[in-house]
file start.cif (mmCIF, C-alpha atoms)
data_coords
loop_
_atom_site.group_PDB
_atom_site.id
_atom_site.type_symbol
_atom_site.label_atom_id
_atom_site.label_comp_id
_atom_site.auth_asym_id
_atom_site.auth_seq_id
_atom_site.Cartn_x
_atom_site.Cartn_y
_atom_site.Cartn_z
ATOM 1 C CA MET G 1 0.000 0.000 0.000
ATOM 2 C CA LYS G 2 2.800 2.412 0.881
ATOM 3 C CA LYS G 3 4.642 1.570 -2.327
ATOM 4 C CA CYS G 4 1.571 2.291 -4.469
ATOM 5 C CA ALA G 5 0.933 5.570 -2.653
ATOM 6 C CA THR G 6 4.574 6.564 -3.086
ATOM 7 C CA ILE G 7 4.520 5.811 -6.813
ATOM 8 C CA LEU G 8 1.234 7.675 -7.247
ATOM 9 C CA LEU G 9 2.550 10.765 -5.452
ATOM 10 C CA TRP G 10 5.808 10.631 -7.423
ATOM 11 C CA VAL G 11 3.973 10.407 -10.765
ATOM 12 C CA LEU G 12 1.685 13.256 -9.725
ATOM 13 C CA MET G 13 4.623 15.439 -8.683
ATOM 14 C CA VAL G 14 6.592 14.726 -11.880
ATOM 15 C CA SER G 15 3.572 15.349 -14.104
ATOM 16 C CA ILE G 16 2.830 18.696 -12.450
ATOM 17 C CA GLN G 17 6.309 20.117 -11.950
ATOM 18 C CA THR G 18 7.957 19.052 -15.206
ATOM 19 C CA PRO G 19 6.989 19.191 -18.900
ATOM 20 C CA VAL G 20 6.192 15.453 -18.762
ATOM 21 C CA GLY G 21 2.651 16.457 -17.798
ATOM 22 C CA GLN G 22 2.220 17.829 -21.317
ATOM 23 C CA LEU G 23 2.064 14.236 -22.561
ATOM 24 C CA PHE G 24 -1.448 14.025 -21.096
ATOM 25 C CA LYS G 25 -2.494 16.498 -23.806
ATOM 26 C CA LEU G 26 -1.514 14.175 -26.699
ATOM 27 C CA PRO G 27 -5.147 13.121 -27.355
ATOM 28 C CA ILE G 28 -5.984 16.812 -27.909
ATOM 29 C CA LEU G 29 -3.140 17.008 -30.454
ATOM 30 C CA ILE G 30 -4.387 13.942 -32.342
ATOM 31 C CA GLU G 31 -7.982 15.146 -32.333
ATOM 32 C CA HIS G 32 -6.966 18.612 -33.560
ATOM 33 C CA PHE G 33 -4.779 17.089 -36.281
ATOM 34 C CA MET G 34 -7.626 14.871 -37.491
ATOM 35 C CA LYS G 35 -9.900 17.934 -37.656
ATOM 36 C CA HIS G 36 -7.354 19.818 -39.813
ATOM 37 C CA GLN G 37 -6.701 16.753 -41.954
ATOM 38 C CA ARG G 38 -10.418 16.477 -42.769
ATOM 39 C CA GLN G 39 -10.688 20.196 -43.549
ATOM 40 C CA ASP G 40 -7.362 20.924 -45.278
ATOM 41 C CA GLY G 41 -5.836 17.532 -46.084
ATOM 42 C CA VAL G 42 -2.578 18.537 -44.391
ATOM 43 C CA SER G 43 0.130 16.021 -43.427
ATOM 44 C CA PHE G 44 1.121 15.490 -39.787
ATOM 45 C CA PHE G 45 4.495 17.210 -40.186
ATOM 46 C CA GLY G 46 2.871 20.092 -42.037
ATOM 47 C CA PHE G 47 0.354 20.361 -39.226
ATOM 48 C CA LEU G 48 3.139 20.462 -36.601
ATOM 49 C CA GLN G 49 5.117 23.001 -38.626
ATOM 50 C CA ASP G 50 2.072 25.219 -39.033
ATOM 51 C CA HIS G 51 0.855 25.049 -35.421
ATOM 52 C CA TYR G 52 4.189 25.299 -33.607
ATOM 53 C CA THR G 53 5.565 28.383 -35.326
ATOM 54 C CA PRO G 54 5.410 31.672 -33.392
ATOM 55 C CA ASN G 55 3.281 33.482 -35.986
ATOM 56 C CA HIS G 56 0.471 30.910 -36.300
ATOM 57 C CA THR G 57 -3.022 32.456 -36.363
ATOM 58 C CA ASP G 58 -6.249 30.921 -37.568
ATOM 59 C CA ALA G 59 -9.917 30.723 -36.575
ATOM 60 C CA ASP G 60 -9.422 28.066 -33.875
ATOM 61 C CA LEU G 61 -6.788 29.891 -31.813
ATOM 62 C CA PRO G 62 -8.273 28.874 -28.392
ATOM 63 C CA GLU G 63 -7.956 25.202 -29.411
ATOM 64 C CA ASP G 64 -4.405 25.796 -30.636
ATOM 65 C CA LYS G 65 -3.398 27.162 -27.232
ATOM 66 C CA GLN G 66 -4.380 23.833 -25.625
ATOM 67 C CA LEU G 67 -1.942 21.789 -27.708
ATOM 68 C CA PRO G 68 0.877 20.006 -25.828
ATOM 69 C CA PHE G 69 4.250 21.727 -25.515
ATOM 70 C CA LYS G 70 2.755 24.951 -26.875
ATOM 71 C CA TYR G 71 3.054 26.805 -23.574
ATOM 72 C CA ILE G 72 5.071 25.182 -20.811
ATOM 73 C CA THR G 73 4.836 26.403 -17.259
ATOM 74 C CA ILE G 74 7.079 24.809 -14.666
ATOM 75 C CA TYR G 75 6.099 25.212 -11.058
ATOM 76 C CA THR G 76 8.845 24.887 -8.516
ATOM 77 C CA ILE G 77 8.584 24.808 -4.790
ATOM 78 C CA GLY G 78 11.355 26.416 -2.825
ATOM 79 C CA TYR G 79 11.705 26.715 0.875
ATOM 80 C CA ALA G 80 13.617 29.433 2.644
ATOM 81 C CA ILE G 81 13.905 29.852 6.353
ATOM 82 C CA VAL G 82 14.641 33.460 7.089
ATOM 83 C CA PRO G 83 15.200 34.295 10.728
ATOM 84 C CA GLY G 84 13.575 37.473 11.854
ATOM 85 C CA VAL G 85 15.852 40.276 12.948
ATOM 86 C CA ILE G 86 14.597 42.259 15.901
ATOM 87 C CA LYS G 87 16.305 45.552 16.566
ATOM 88 C CA THR G 88 15.380 47.401 19.683
ATOM 89 C CA THR G 89 16.610 50.503 21.343
ATOM 90 C CA ALA G 90 14.756 49.935 24.597
ATOM 91 C CA PHE G 91 16.832 49.149 27.646
ATOM 92 C CA ILE G 92 15.193 47.238 30.480
ATOM 93 C CA GLU G 93 16.949 47.265 33.798
ATOM 94 C CA VAL G 94 16.759 44.010 35.718
ATOM 95 C CA PRO G 95 16.704 44.455 39.485
ATOM 96 C CA GLY G 96 19.675 42.781 41.131
ATOM 97 C CA ASP G 97 18.529 42.615 44.769
ATOM 98 C CA LYS G 98 16.615 39.339 44.374
ATOM 99 C CA LYS G 99 18.732 36.261 44.987
ATOM 100 C CA VAL G 100 17.817 32.734 44.094
ATOM 101 C CA ILE G 101 19.280 30.154 46.427
ATOM 102 C CA PHE G 102 19.162 26.453 45.680
ATOM 103 C CA SER G 103 19.368 23.903 48.433
ATOM 104 C CA GLU G 104 22.752 22.298 49.008
ATOM 105 C CA THR G 105 21.316 18.820 49.528
ATOM 106 C CA TYR G 106 20.797 16.533 46.562
ATOM 107 C CA THR G 107 17.518 14.596 46.444
ATOM 108 C CA PRO G 108 17.304 12.051 43.633
ATOM 109 C CA GLN G 109 14.031 11.869 41.808
ATOM 110 C CA GLN G 110 12.176 8.624 42.349
ATOM 111 C CA HIS G 111 10.924 8.201 38.788
ATOM 112 C CA PHE G 112 14.405 8.563 37.279
ATOM 113 C CA GLY G 113 15.791 5.771 39.438
ATOM 114 C CA SER G 114 13.170 3.292 38.250
ATOM 115 C CA ILE G 115 13.824 3.901 34.541
ATOM 116 C CA PHE G 116 17.595 4.162 34.290
ATOM 117 C CA HIS G 117 19.259 1.175 35.913
ATOM 118 C CA PRO G 118 21.645 -1.507 34.711
ATOM 119 C CA PRO G 119 20.123 -4.650 33.198
ATOM 120 C CA ARG G 120 19.326 -7.394 35.651
ATOM 121 C CA VAL G 121 20.855 -10.790 35.169
#

call {"tool": "encode", "arguments": {"input": "start.cif", "output": "structure tokens"}}
result
Amino acid sequence: MKKCATILLWVLMVSIQTPVGQLFKLPILIEHFMKHQRQDGVSFFGFLQDHYTPNHTDADLPEDKQLPFKYITIYTIGYAIVPGVIKTTAFIEVPGDKKVIFSETYTPQQHFGSIFHPPRV
């Protein structure tokens, strides 16, 4: 189950973030070519040459924009951790008359002694 989920997520990531996802548009290319072949009788290479040149304009321009590898957009995800810089000019005086005194006697904690002990034989 984990292997299938990993492969599915990998394929999804590769298809979205790289031009490989344009291959999913190949049926649109074939359908559009067949439409032009019926209307104009153009060959496949003539169709590609006509539709993938920068100055191509015809009546079905919205359909032409959906062809694969016509417009490629690559989305990248970048992470940056930028620490915030805090500059202050305020000065806070800490009173020094309070003293904290810890007891001199050591009392071991009961719960630590029960967890950390050598293995029993």

call {"tool": "closest_residue", "arguments": {"input": "start.cif", "among": "G:Asp64, G:Val85, G:Pro54, G:Gln17", "to": "G:His36", "atoms": "all atoms listed in the file"}}
result
G:Asp64

call {"tool": "atom_distance", "arguments": {"input": "start.cif", "atom1": "atom CA of G:Phe24", "atom2": "atom CA of G:Pro62"}}
result
17.9 Å

call {"tool": "closest_residue", "arguments": {"input": "start.cif", "among": "G:Tyr52, G:Phe69, G:Phe44, G:Phe91", "to": "G:Val20", "atoms": "all atoms listed in the file"}}
result
G:Phe69

call {"tool": "atom_distance", "arguments": {"input": "start.cif", "atom1": "atom CA of G:Leu29", "atom2": "atom CA of G:Pro68"}}
result
6.8 Å

call {"tool": "atom_distance", "arguments": {"input": "start.cif", "atom1": "atom CA of G:His51", "atom2": "atom CA of G:Lys65"}}
result
9.5 Å

call {"tool": "closest_residue", "arguments": {"input": "start.cif", "among": "G:Phe47, G:Arg38, G:His32, G:Lys87", "to": "G:Glu63", "atoms": "only C-alpha atoms"}}
result
G:His32
